[in-house]
Amino acid sequence: MSNSTELGRRDFFKNAALGAAGLVGTTAAAGAAETPASTSTPAPPSVLMPTEAQEFGPLGRPTTATAQAPVAAVQAGAAAPTPASDFMVDVLKKIGFDYAAINPGSTFQGLHESCINYGQNTAPELLTCLHEEAAAAMAHGYAKAAGKPMLTMFHGTVGLLHSSMALFQAWADRVPVFVIVGHHRNPSGVINRPHSAQDMGSIVRDFVKFDDEATTLERFAEAGMRAYRIAMTPPMGPVLLTVSAELQESMIANRTSMRIPELVMASPPQGETGAVREAAKLLVNAETPLIQIAKMGRTPRAWDLLIELADTLQAPVDVMGYSSWQKFPSWHPLYGSGGRDYTPDVTLGLEVTDMSVQARAARASGKKTISISAEHLFQHSNIHDYGRYADVDLAIGGDGEATLPSLIDEIRKLITPDRKAAFAARGQRVAAAHKQAQIAAIQDARHGWDASPISVPRMIAELAEQVKNDDWAVVSGHQFTGDWQRRLMNHDKPYRYNGDCGGFGIGYDTPASVGAALAHKKAGRLSLAVVGDGDLNFSPGVLWTAAHHKIPLLLVVHNNRAYHAEVMIIQRMAGQRGRGSSRSHIGNVFTDPTINYASLAKSYGMYSEGPVEHPRDLAGAYQRALAKVRAGEPALVDVISQPR
Ligand SMILES: Cc1ncc(C[n+]2csc(CCOP(=O)(O)OP(=O)(O)O)c2C)c(N)n1
Ligand SMILES: [Mg+2]
């Protein structure tokens, strides 16, 4: 049965190809090619599924407008017509995409076919993804590690809906992801009707920065350039182009006459000079300034600038827990918030979305707050991730990274010898607090060192030991690992850490790590991820994508056999209500049966180790898995761990 199905499908494609050849020539010729189909009507291939049979008419030729409509541009006597989606691929190549993460669908079959045959599956190279959420999350992780967006292409309605969760996360993280979604302008088939929409963009409009539907090829080229520029201009974010199947599958008579505009990027918005000077004055005169950074560090340059700012002021730099992008070196003496008794009199927030708590506290005690952020230029959304209104003393609408050079200049101009001496004393105090925090972290890490299940710091410390001579990058977030990666591993390069998910949605870490690892592959870096078992279960299929595309990545599963964050939440709730915590596991743990992630990885074709239950076995498991990763493939180590 399956053989005959295959045969039927092959016949169908052969017929479809012949039908396409018949379209070559003039509009009239294309019309003529229709005629035999209606006069001679052999039986349709019986092996097609009923729904597909309804979709395709006699001779296996599409009955929808899709393949028949689009020949208006073809002129008699013109050069051989070429598919419009080939032109679209030229546009995508000119934009400069290296990869396109896709889950296939007939609404973008034109583009899909052009990418692999006309575009030779390079720039963009298609990445086969088993779920659209994983594809978009891969693009999210990739963009932060590569510094440029990945293209994604999704099927109309269904694919876009599946991707929407990850697009929301990219939006909340202010990260560019470029989405193309297909649909039919005039759907007539039973399948393509629900995959089409009057306004496709409206499905995700609330959490993409820009969306457009190009109705002509010229507009497609312009919309592509525009969307890319908008995605990359701070505040950055995902963008969406809807492209009808009709437009993709239309034929163009004379490709050479069609122009593709240049990609011209916009320089990021910079803080206004007078306001920056005012900020510099406040910072120089402060006794205990604090620099807080969140969605900061679009490029590695921000790393150097932040070090320069901190060193110039001798002020502590607080990286604020769950934030994103490249950060500040975690073992720098000014890393941290200055110690317990360091109360900031001026707090500078750089790309900090919500400074309401700091602003309120400062106003109550005569202190000052400054916010420099492209967030002040941010667009609307139904989603309240901007938090509460912050009545800071100085709000500067400009990109943090782009504003730093002028801020540092202004600070330098104002520094007197007296202030310099005060700064030096402050720097020593902050450095001493940092040293203390480091010692405390090492002491804390010793608790339960030999415990089984394995303690989280031991899981990280053993990993740190194994990669100490590698050029490594942590590509997962820190949300559920108590920040042990940053405390026990020297984050001394901008790419050492790729940030958290942005929208606190589970299911980001695993696919985003695969995307970031792809970016690091080019640079020859060793990618490391520590992901929750809960997170992995949202998109396990991405393990196959990593194995198939040979993306080197060590994936450590922090397997506490639970949504432990939620266990704690229910424990607290039950405690508040005086009902005890003995039933808090219900709805929150996955122990009966337990899940074997090493077997799961093997089934997807990935090397794996584990489950590792005893700390003594960890080093060997890491070594064997890392040998695979260093040789260019992904590997998973399933670590049975303490909850936190
Ligand atoms: C999509 C989504 N669903 C549910 C939640 C609520 N939630 C927050 S943390 C968490 C558990 C995460 O589990 P895991 O990744 O295993 O980390 P753990 O807390 O066990 O260390 C859940 C379900 C969420 N944030 N996102
Ligand atoms: Mg868990």
# chains A, B, ... in the order shown; residues from 1 in each chain; ligands from 1
>>> select_by_dssp(residues="region 354-487 of chain A", states="strand (DSSP E or B)", output="ChimeraX atom specification")
/A:368-373,394-397,454,472-474
>>> write_last_selection(atoms="N, CA and C atoms", output="PDB file, in the first residue's frame")
ATOM      1  N   LYS A 368      18.413  59.381  42.906  1.00  0.00           N
ATOM      2  CA  LYS A 368      18.079  59.652  41.504  1.00  0.00           C
ATOM      3  C   LYS A 368      18.119  58.376  40.661  1.00  0.00           C
ATOM      4  N   THR A 369      17.300  58.367  39.638  1.00  0.00           N
ATOM      5  CA  THR A 369      17.355  57.256  38.674  1.00  0.00           C
ATOM      6  C   THR A 369      17.390  57.814  37.245  1.00  0.00           C
ATOM      7  N   ILE A 370      18.158  57.121  36.424  1.00  0.00           N
ATOM      8  CA  ILE A 370      18.294  57.500  35.008  1.00  0.00           C
ATOM      9  C   ILE A 370      18.005  56.255  34.179  1.00  0.00           C
ATOM     10  N   SER A 371      17.248  56.430  33.131  1.00  0.00           N
ATOM     11  CA  SER A 371      17.006  55.296  32.236  1.00  0.00           C
ATOM     12  C   SER A 371      17.435  55.669  30.822  1.00  0.00           C
ATOM     13  N   ILE A 372      18.364  54.909  30.282  1.00  0.00           N
ATOM     14  CA  ILE A 372      18.739  55.088  28.872  1.00  0.00           C
ATOM     15  C   ILE A 372      18.309  53.818  28.149  1.00  0.00           C
ATOM     16  N   SER A 373      17.372  53.981  27.225  1.00  0.00           N
ATOM     17  CA  SER A 373      16.835  52.775  26.607  1.00  0.00           C
ATOM     18  C   SER A 373      16.051  53.086  25.334  1.00  0.00           C
ATOM     19  N   LEU A 394      15.427  60.964  34.892  1.00  0.00           N
ATOM     20  CA  LEU A 394      15.895  61.287  33.551  1.00  0.00           C
ATOM     21  C   LEU A 394      15.652  60.083  32.640  1.00  0.00           C
ATOM     22  N   ALA A 395      14.800  60.258  31.643  1.00  0.00           N
ATOM     23  CA  ALA A 395      14.537  59.164  30.695  1.00  0.00           C
ATOM     24  C   ALA A 395      15.113  59.567  29.346  1.00  0.00           C
ATOM     25  N   ILE A 396      16.060  58.801  28.865  1.00  0.00           N
ATOM     26  CA  ILE A 396      16.721  59.132  27.601  1.00  0.00           C
ATOM     27  C   ILE A 396      16.314  58.100  26.560  1.00  0.00           C
ATOM     28  N   GLY A 397      15.596  58.563  25.562  1.00  0.00           N
ATOM     29  CA  GLY A 397      15.138  57.665  24.497  1.00  0.00           C
ATOM     30  C   GLY A 397      16.260  57.450  23.497  1.00  0.00           C
ATOM     31  N   ILE A 454      22.421  14.569  41.970  1.00  0.00           N
ATOM     32  CA  ILE A 454      23.585  15.455  41.921  1.00  0.00           C
ATOM     33  C   ILE A 454      23.176  16.916  42.147  1.00  0.00           C
ATOM     34  N   TRP A 472      34.565  28.245  25.103  1.00  0.00           N
ATOM     35  CA  TRP A 472      33.187  27.796  25.281  1.00  0.00           C
ATOM     36  C   TRP A 472      32.184  28.942  25.267  1.00  0.00           C
ATOM     37  N   ALA A 473      30.921  28.576  25.082  1.00  0.00           N
ATOM     38  CA  ALA A 473      29.817  29.541  25.146  1.00  0.00           C
ATOM     39  C   ALA A 473      28.623  28.845  25.781  1.00  0.00           C
ATOM     40  N   VAL A 474      28.085  29.445  26.839  1.00  0.00           N
ATOM     41  CA  VAL A 474      26.857  28.911  27.441  1.00  0.00           C
ATOM     42  C   VAL A 474      25.678  29.461  26.640  1.00  0.00           C
TER      43      VAL A 474
END
>>> residues_around(residues="Ile506 (chain A)", least_positions_apart="6", cutoff="10 Å", atoms="only C-alpha atoms", output="ChimeraX atom specification")
/A:165-166,169,532,534-539,563
>>> residues_around(residues="Pro104 (chain A)", least_positions_apart="4", cutoff="8 Å", atoms="only C-alpha atoms", output="PyMOL selection string")
chain A and resi 108-109+112+153-155
>>> atom_distance(atom1="CA of Thr312 (chain A)", atom2="CA of Thr233 (chain A)")
28.2 Å
>>> closest_atom_pairs(of="chain A", to="ligand 1", cutoff="12 Å", atoms="only C-alpha atoms and all ligand atoms", output="JSON lines")
{"residue": "A:Glu133", "atom": "CA", "partner": "ligand 1", "partner_atom_place_in_ligand_line": "1 (C)", "distance": 10.9}
{"residue": "A:Ser164", "atom": "CA", "partner": "ligand 1", "partner_atom_place_in_ligand_line": "1 (C)", "distance": 11.5}
{"residue": "A:Met165", "atom": "CA", "partner": "ligand 1", "partner_atom_place_in_ligand_line": "1 (C)", "distance": 7.8}
{"residue": "A:Ala166", "atom": "CA", "partner": "ligand 1", "partner_atom_place_in_ligand_line": "1 (C)", "distance": 9.5}
{"residue": "A:Phe168", "atom": "CA", "partner": "ligand 1", "partner_atom_place_in_ligand_line": "1 (C)", "distance": 10.9}
{"residue": "A:Gln169", "atom": "CA", "partner": "ligand 1", "partner_atom_place_in_ligand_line": "1 (C)", "distance": 10.0}
{"residue": "A:Val456", "atom": "CA", "partner": "ligand 1", "partner_atom_place_in_ligand_line": "21 (O)", "distance": 9.8}
{"residue": "A:Ser476", "atom": "CA", "partner": "ligand 1", "partner_atom_place_in_ligand_line": "15 (O)", "distance": 11.3}
{"residue": "A:Gly477", "atom": "CA", "partner": "ligand 1", "partner_atom_place_in_ligand_line": "15 (O)", "distance": 10.6}
{"residue": "A:His478", "atom": "CA", "partner": "ligand 1", "partner_atom_place_in_ligand_line": "21 (O)", "distance": 10.1}
{"residue": "A:Gln479", "atom": "CA", "partner": "ligand 1", "partner_atom_place_in_ligand_line": "21 (O)", "distance": 8.1}
{"residue": "A:Phe480", "atom": "CA", "partner": "ligand 1", "partner_atom_place_in_ligand_line": "21 (O)", "distance": 4.7}
{"residue": "A:Thr481", "atom": "CA", "partner": "ligand 1", "partner_atom_place_in_ligand_line": "21 (O)", "distance": 6.9}
{"residue": "A:Gly482", "atom": "CA", "partner": "ligand 1", "partner_atom_place_in_ligand_line": "21 (O)", "distance": 9.3}
{"residue": "A:Asp483", "atom": "CA", "partner": "ligand 1", "partner_atom_place_in_ligand_line": "21 (O)", "distance": 11.9}
{"residue": "A:Cys501", "atom": "CA", "partner": "ligand 1", "partner_atom_place_in_ligand_line": "25 (N)", "distance": 10.2}
{"residue": "A:Gly502", "atom": "CA", "partner": "ligand 1", "partner_atom_place_in_ligand_line": "25 (N)", "distance": 10.8}
{"residue": "A:Gly503", "atom": "CA", "partner": "ligand 1", "partner_atom_place_in_ligand_line": "25 (N)", "distance": 8.2}
{"residue": "A:Phe504", "atom": "CA", "partner": "ligand 1", "partner_atom_place_in_ligand_line": "25 (N)", "distance": 5.2}
{"residue": "A:Gly505", "atom": "CA", "partner": "ligand 1", "partner_atom_place_in_ligand_line": "26 (N)", "distance": 3.5}
{"residue": "A:Ile506", "atom": "CA", "partner": "ligand 1", "partner_atom_place_in_ligand_line": "26 (N)", "distance": 3.9}
{"residue": "A:Gly507", "atom": "CA", "partner": "ligand 1", "partner_atom_place_in_ligand_line": "1 (C)", "distance": 6.3}
{"residue": "A:Tyr508", "atom": "CA", "partner": "ligand 1", "partner_atom_place_in_ligand_line": "1 (C)", "distance": 8.6}
{"residue": "A:Asp509", "atom": "CA", "partner": "ligand 1", "partner_atom_place_in_ligand_line": "15 (O)", "distance": 8.4}
{"residue": "A:Thr510", "atom": "CA", "partner": "ligand 1", "partner_atom_place_in_ligand_line": "15 (O)", "distance": 9.6}
{"residue": "A:Val530", "atom": "CA", "partner": "ligand 1", "partner_atom_place_in_ligand_line": "15 (O)", "distance": 9.9}
{"residue": "A:Val531", "atom": "CA", "partner": "ligand 1", "partner_atom_place_in_ligand_line": "15 (O)", "distance": 6.6}
{"residue": "A:Gly532", "atom": "CA", "partner": "ligand 1", "partner_atom_place_in_ligand_line": "15 (O)", "distance": 3.5}
{"residue": "A:Asp533", "atom": "CA", "partner": "ligand 1", "partner_atom_place_in_ligand_line": "16 (O)", "distance": 4.2}
{"residue": "A:Gly534", "atom": "CA", "partner": "ligand 1", "partner_atom_place_in_ligand_line": "16 (O)", "distance": 3.3}
{"residue": "A:Asp535", "atom": "CA", "partner": "ligand 1", "partner_atom_place_in_ligand_line": "15 (O)", "distance": 4.0}
{"residue": "A:Leu536", "atom": "CA", "partner": "ligand 1", "partner_atom_place_in_ligand_line": "15 (O)", "distance": 7.0}
{"residue": "A:Asn537", "atom": "CA", "partner": "ligand 1", "partner_atom_place_in_ligand_line": "15 (O)", "distance": 8.4}
{"residue": "A:Phe538", "atom": "CA", "partner": "ligand 1", "partner_atom_place_in_ligand_line": "1 (C)", "distance": 8.2}
{"residue": "A:Ser539", "atom": "CA", "partner": "ligand 1", "partner_atom_place_in_ligand_line": "1 (C)", "distance": 11.1}
{"residue": "A:Val557", "atom": "CA", "partner": "ligand 1", "partner_atom_place_in_ligand_line": "16 (O)", "distance": 8.9}
{"residue": "A:His558", "atom": "CA", "partner": "ligand 1", "partner_atom_place_in_ligand_line": "21 (O)", "distance": 6.9}
{"residue": "A:Asn559", "atom": "CA", "partner": "ligand 1", "partner_atom_place_in_ligand_line": "16 (O)", "distance": 6.8}
{"residue": "A:Asn560", "atom": "CA", "partner": "ligand 1", "partner_atom_place_in_ligand_line": "20 (O)", "distance": 5.8}
{"residue": "A:Arg561", "atom": "CA", "partner": "ligand 1", "partner_atom_place_in_ligand_line": "20 (O)", "distance": 6.9}
{"residue": "A:Ala562", "atom": "CA", "partner": "ligand 1", "partner_atom_place_in_ligand_line": "20 (O)", "distance": 4.8}
{"residue": "A:Tyr563", "atom": "CA", "partner": "ligand 1", "partner_atom_place_in_ligand_line": "13 (O)", "distance": 3.6}
{"residue": "A:His564", "atom": "CA", "partner": "ligand 1", "partner_atom_place_in_ligand_line": "20 (O)", "distance": 3.6}
{"residue": "A:Ala565", "atom": "CA", "partner": "ligand 1", "partner_atom_place_in_ligand_line": "19 (O)", "distance": 3.7}
{"residue": "A:Glu566", "atom": "CA", "partner": "ligand 1", "partner_atom_place_in_ligand_line": "10 (C)", "distance": 5.6}
{"residue": "A:Val567", "atom": "CA", "partner": "ligand 1", "partner_atom_place_in_ligand_line": "19 (O)", "distance": 7.9}
{"residue": "A:Met568", "atom": "CA", "partner": "ligand 1", "partner_atom_place_in_ligand_line": "19 (O)", "distance": 8.6}
{"residue": "A:Ile569", "atom": "CA", "partner": "ligand 1", "partner_atom_place_in_ligand_line": "9 (S)", "distance": 9.3}
{"residue": "A:Ile570", "atom": "CA", "partner": "ligand 1", "partner_atom_place_in_ligand_line": "22 (C)", "distance": 11.5}
{"residue": "A:His585", "atom": "CA", "partner": "ligand 1", "partner_atom_place_in_ligand_line": "20 (O)", "distance": 11.5}
{"residue": "A:Gly587", "atom": "CA", "partner": "ligand 1", "partner_atom_place_in_ligand_line": "23 (C)", "distance": 9.9}
{"residue": "A:Asn588", "atom": "CA", "partner": "ligand 1", "partner_atom_place_in_ligand_line": "23 (C)", "distance": 7.8}
{"residue": "A:Val589", "atom": "CA", "partner": "ligand 1", "partner_atom_place_in_ligand_line": "20 (O)", "distance": 8.5}
{"residue": "A:Phe590", "atom": "CA", "partner": "ligand 1", "partner_atom_place_in_ligand_line": "16 (O)", "distance": 9.6}
{"residue": "A:Ile595", "atom": "CA", "partner": "ligand 1", "partner_atom_place_in_ligand_line": "16 (O)", "distance": 12.0}
{"residue": "A:Ile640", "atom": "CA", "partner": "ligand 1", "partner_atom_place_in_ligand_line": "20 (O)", "distance": 11.4}
{"residue": "A:Ser641", "atom": "CA", "partner": "ligand 1", "partner_atom_place_in_ligand_line": "21 (O)", "distance": 9.4}
{"residue": "A:Gln642", "atom": "CA", "partner": "ligand 1", "partner_atom_place_in_ligand_line": "21 (O)", "distance": 9.0}
{"residue": "A:Pro643", "atom": "CA", "partner": "ligand 1", "partner_atom_place_in_ligand_line": "21 (O)", "distance": 6.1}
{"residue": "A:Arg644", "atom": "CA", "partner": "ligand 1", "partner_atom_place_in_ligand_line": "21 (O)", "distance": 6.5}
>>> atom_distance(atom1="CA of Val264 (chain A)", atom2="CA of Ile95 (chain A)")
9.8 Å
>>> select_by_dssp(residues="region 97-319 of chain A", states="alpha helix (DSSP H)", output="PyMOL selection string")
chain A and resi 109-113+132-146+158-172+217-232+245-249+273-285+300-313
>>> write_last_selection(atoms="C-alpha atoms", output="mmCIF file, in the first residue's frame")
data_model
loop_
_atom_site.group_PDB
_atom_site.id
_atom_site.type_symbol
_atom_site.label_atom_id
_atom_site.label_comp_id
_atom_site.auth_asym_id
_atom_site.auth_seq_id
_atom_site.Cartn_x
_atom_site.Cartn_y
_atom_site.Cartn_z
ATOM 1 C CA GLN A 109 6.030 25.421 -1.750
ATOM 2 C CA GLY A 110 7.143 27.897 -4.416
ATOM 3 C CA LEU A 111 9.735 29.461 -2.140
ATOM 4 C CA HIS A 112 10.772 26.118 -0.693
ATOM 5 C CA GLU A 113 11.408 24.677 -4.161
ATOM 6 C CA GLU A 132 7.522 25.715 14.179
ATOM 7 C CA GLU A 133 7.983 26.799 17.790
ATOM 8 C CA ALA A 134 11.384 25.103 17.768
ATOM 9 C CA ALA A 135 12.240 26.744 14.437
ATOM 10 C CA ALA A 136 11.425 30.237 15.697
ATOM 11 C CA ALA A 137 13.200 29.616 19.015
ATOM 12 C CA MET A 138 16.261 28.402 17.114
ATOM 13 C CA ALA A 139 16.182 31.655 15.179
ATOM 14 C CA HIS A 140 15.893 33.561 18.467
ATOM 15 C CA GLY A 141 18.961 31.887 19.990
ATOM 16 C CA TYR A 142 20.864 32.185 16.724
ATOM 17 C CA ALA A 143 20.258 35.928 16.380
ATOM 18 C CA LYS A 144 21.770 36.665 19.781
ATOM 19 C CA ALA A 145 24.842 34.535 19.113
ATOM 20 C CA ALA A 146 25.330 35.486 15.456
ATOM 21 C CA VAL A 158 -1.197 26.457 11.265
ATOM 22 C CA GLY A 159 2.553 26.933 11.043
ATOM 23 C CA LEU A 160 2.349 30.545 12.124
ATOM 24 C CA LEU A 161 0.164 29.639 15.095
ATOM 25 C CA HIS A 162 2.670 27.007 16.199
ATOM 26 C CA SER A 163 5.514 29.507 15.898
ATOM 27 C CA SER A 164 3.652 32.233 17.748
ATOM 28 C CA MET A 165 4.861 31.294 21.227
ATOM 29 C CA ALA A 166 8.514 31.558 20.197
ATOM 30 C CA LEU A 167 7.850 34.783 18.284
ATOM 31 C CA PHE A 168 6.364 36.213 21.454
ATOM 32 C CA GLN A 169 9.544 35.282 23.334
ATOM 33 C CA ALA A 170 11.756 36.904 20.689
ATOM 34 C CA TRP A 171 9.576 39.992 20.860
ATOM 35 C CA ALA A 172 9.805 40.090 24.661
ATOM 36 C CA LEU A 217 7.309 41.294 -6.569
ATOM 37 C CA GLU A 218 8.727 44.802 -6.487
ATOM 38 C CA ARG A 219 6.913 45.312 -3.219
ATOM 39 C CA PHE A 220 8.259 42.006 -1.943
ATOM 40 C CA ALA A 221 11.824 43.181 -2.554
ATOM 41 C CA GLU A 222 11.133 46.485 -0.809
ATOM 42 C CA ALA A 223 9.215 44.886 2.051
ATOM 43 C CA GLY A 224 12.078 42.430 2.588
ATOM 44 C CA MET A 225 14.648 45.198 2.904
ATOM 45 C CA ARG A 226 12.341 47.296 5.046
ATOM 46 C CA ALA A 227 11.434 44.412 7.357
ATOM 47 C CA TYR A 228 15.085 43.497 7.865
ATOM 48 C CA ARG A 229 16.017 47.071 8.677
ATOM 49 C CA ILE A 230 13.125 47.463 11.111
ATOM 50 C CA ALA A 231 13.978 44.148 12.797
ATOM 51 C CA MET A 232 17.561 45.274 13.330
ATOM 52 C CA ALA A 245 1.311 31.175 -2.949
ATOM 53 C CA GLU A 246 -0.055 32.858 -6.082
ATOM 54 C CA LEU A 247 2.731 35.429 -6.055
ATOM 55 C CA GLN A 248 5.434 32.846 -5.299
ATOM 56 C CA GLU A 249 4.236 30.556 -8.074
ATOM 57 C CA THR A 273 23.453 65.371 23.816
ATOM 58 C CA GLY A 274 22.027 67.676 26.500
ATOM 59 C CA ALA A 275 20.298 64.802 28.308
ATOM 60 C CA VAL A 276 23.424 62.649 28.127
ATOM 61 C CA ARG A 277 25.447 65.503 29.651
ATOM 62 C CA GLU A 278 22.895 65.746 32.463
ATOM 63 C CA ALA A 279 23.215 62.010 33.096
ATOM 64 C CA ALA A 280 27.005 62.293 33.164
ATOM 65 C CA LYS A 281 26.780 65.095 35.758
ATOM 66 C CA LEU A 282 24.560 63.010 38.024
ATOM 67 C CA LEU A 283 26.855 60.001 37.737
ATOM 68 C CA VAL A 284 30.100 61.879 38.342
ATOM 69 C CA ASN A 285 28.720 63.615 41.423
ATOM 70 C CA PRO A 300 30.299 42.690 21.279
ATOM 71 C CA ARG A 301 31.159 46.388 21.292
ATOM 72 C CA ALA A 302 28.734 46.888 24.191
ATOM 73 C CA TRP A 303 30.876 44.537 26.273
ATOM 74 C CA ASP A 304 33.940 46.764 25.850
ATOM 75 C CA LEU A 305 31.949 49.945 26.369
ATOM 76 C CA LEU A 306 30.383 48.672 29.575
ATOM 77 C CA ILE A 307 33.800 47.757 30.954
ATOM 78 C CA GLU A 308 35.001 51.234 30.004
ATOM 79 C CA LEU A 309 32.032 52.903 31.702
ATOM 80 C CA ALA A 310 32.389 50.829 34.873
ATOM 81 C CA ASP A 311 36.155 51.355 35.035
ATOM 82 C CA THR A 312 35.821 55.100 34.435
ATOM 83 C CA LEU A 313 33.277 55.494 37.229
#
>>> residues_around(residues="Lys435 (chain A)", least_positions_apart="6", cutoff="10 Å", atoms="only C-alpha atoms", output="list of chain:residue names")
A:Trp331, A:His332, A:Pro333, A:Leu334, A:Tyr335, A:Gly339, A:Ala441
>>> write_last_selection(atoms="N, CA and C atoms", output="PDB file, in the first residue's frame")
ATOM      1  N   TRP A 331      33.607  37.792  36.361  1.00  0.00           N
ATOM      2  CA  TRP A 331      34.658  37.814  37.386  1.00  0.00           C
ATOM      3  C   TRP A 331      35.389  39.157  37.417  1.00  0.00           C
ATOM      4  N   HIS A 332      34.803  40.154  36.806  1.00  0.00           N
ATOM      5  CA  HIS A 332      35.366  41.516  36.878  1.00  0.00           C
ATOM      6  C   HIS A 332      35.129  42.039  38.300  1.00  0.00           C
ATOM      7  N   PRO A 333      36.114  42.750  38.886  1.00  0.00           N
ATOM      8  CA  PRO A 333      35.930  43.209  40.278  1.00  0.00           C
ATOM      9  C   PRO A 333      34.705  44.111  40.471  1.00  0.00           C
ATOM     10  N   LEU A 334      34.225  44.753  39.400  1.00  0.00           N
ATOM     11  CA  LEU A 334      33.071  45.650  39.560  1.00  0.00           C
ATOM     12  C   LEU A 334      31.746  44.946  39.252  1.00  0.00           C
ATOM     13  N   TYR A 335      31.796  43.641  39.006  1.00  0.00           N
ATOM     14  CA  TYR A 335      30.574  42.870  38.731  1.00  0.00           C
ATOM     15  C   TYR A 335      29.765  42.746  40.022  1.00  0.00           C
ATOM     16  N   GLY A 339      27.720  45.048  46.978  1.00  0.00           N
ATOM     17  CA  GLY A 339      27.692  44.504  48.348  1.00  0.00           C
ATOM     18  C   GLY A 339      26.441  44.937  49.089  1.00  0.00           C
ATOM     19  N   ALA A 441      30.196  32.056  47.019  1.00  0.00           N
ATOM     20  CA  ALA A 441      29.647  31.164  45.988  1.00  0.00           C
ATOM     21  C   ALA A 441      30.365  29.814  46.015  1.00  0.00           C
TER      22      ALA A 441
END
>>> atom_distance(atom1="CA of Pro453 (chain A)", atom2="CA of Trp544 (chain A)")
27.7 Å
>>> closest_residue(among="A:Thr591, A:Gly515, A:Pro417, A:Arg630", to="ligand 2", atoms="only C-alpha atoms and all ligand atoms")
A:Thr591
>>> residues_around(residues="Phe378 (chain A)", least_positions_apart="4", cutoff="10 Å", atoms="only C-alpha atoms", output="list of chain:residue names")
A:Lys209, A:Pro234, A:Pro235, A:Met236, A:Ser373, A:Ala374, A:Tyr386, A:Gly397
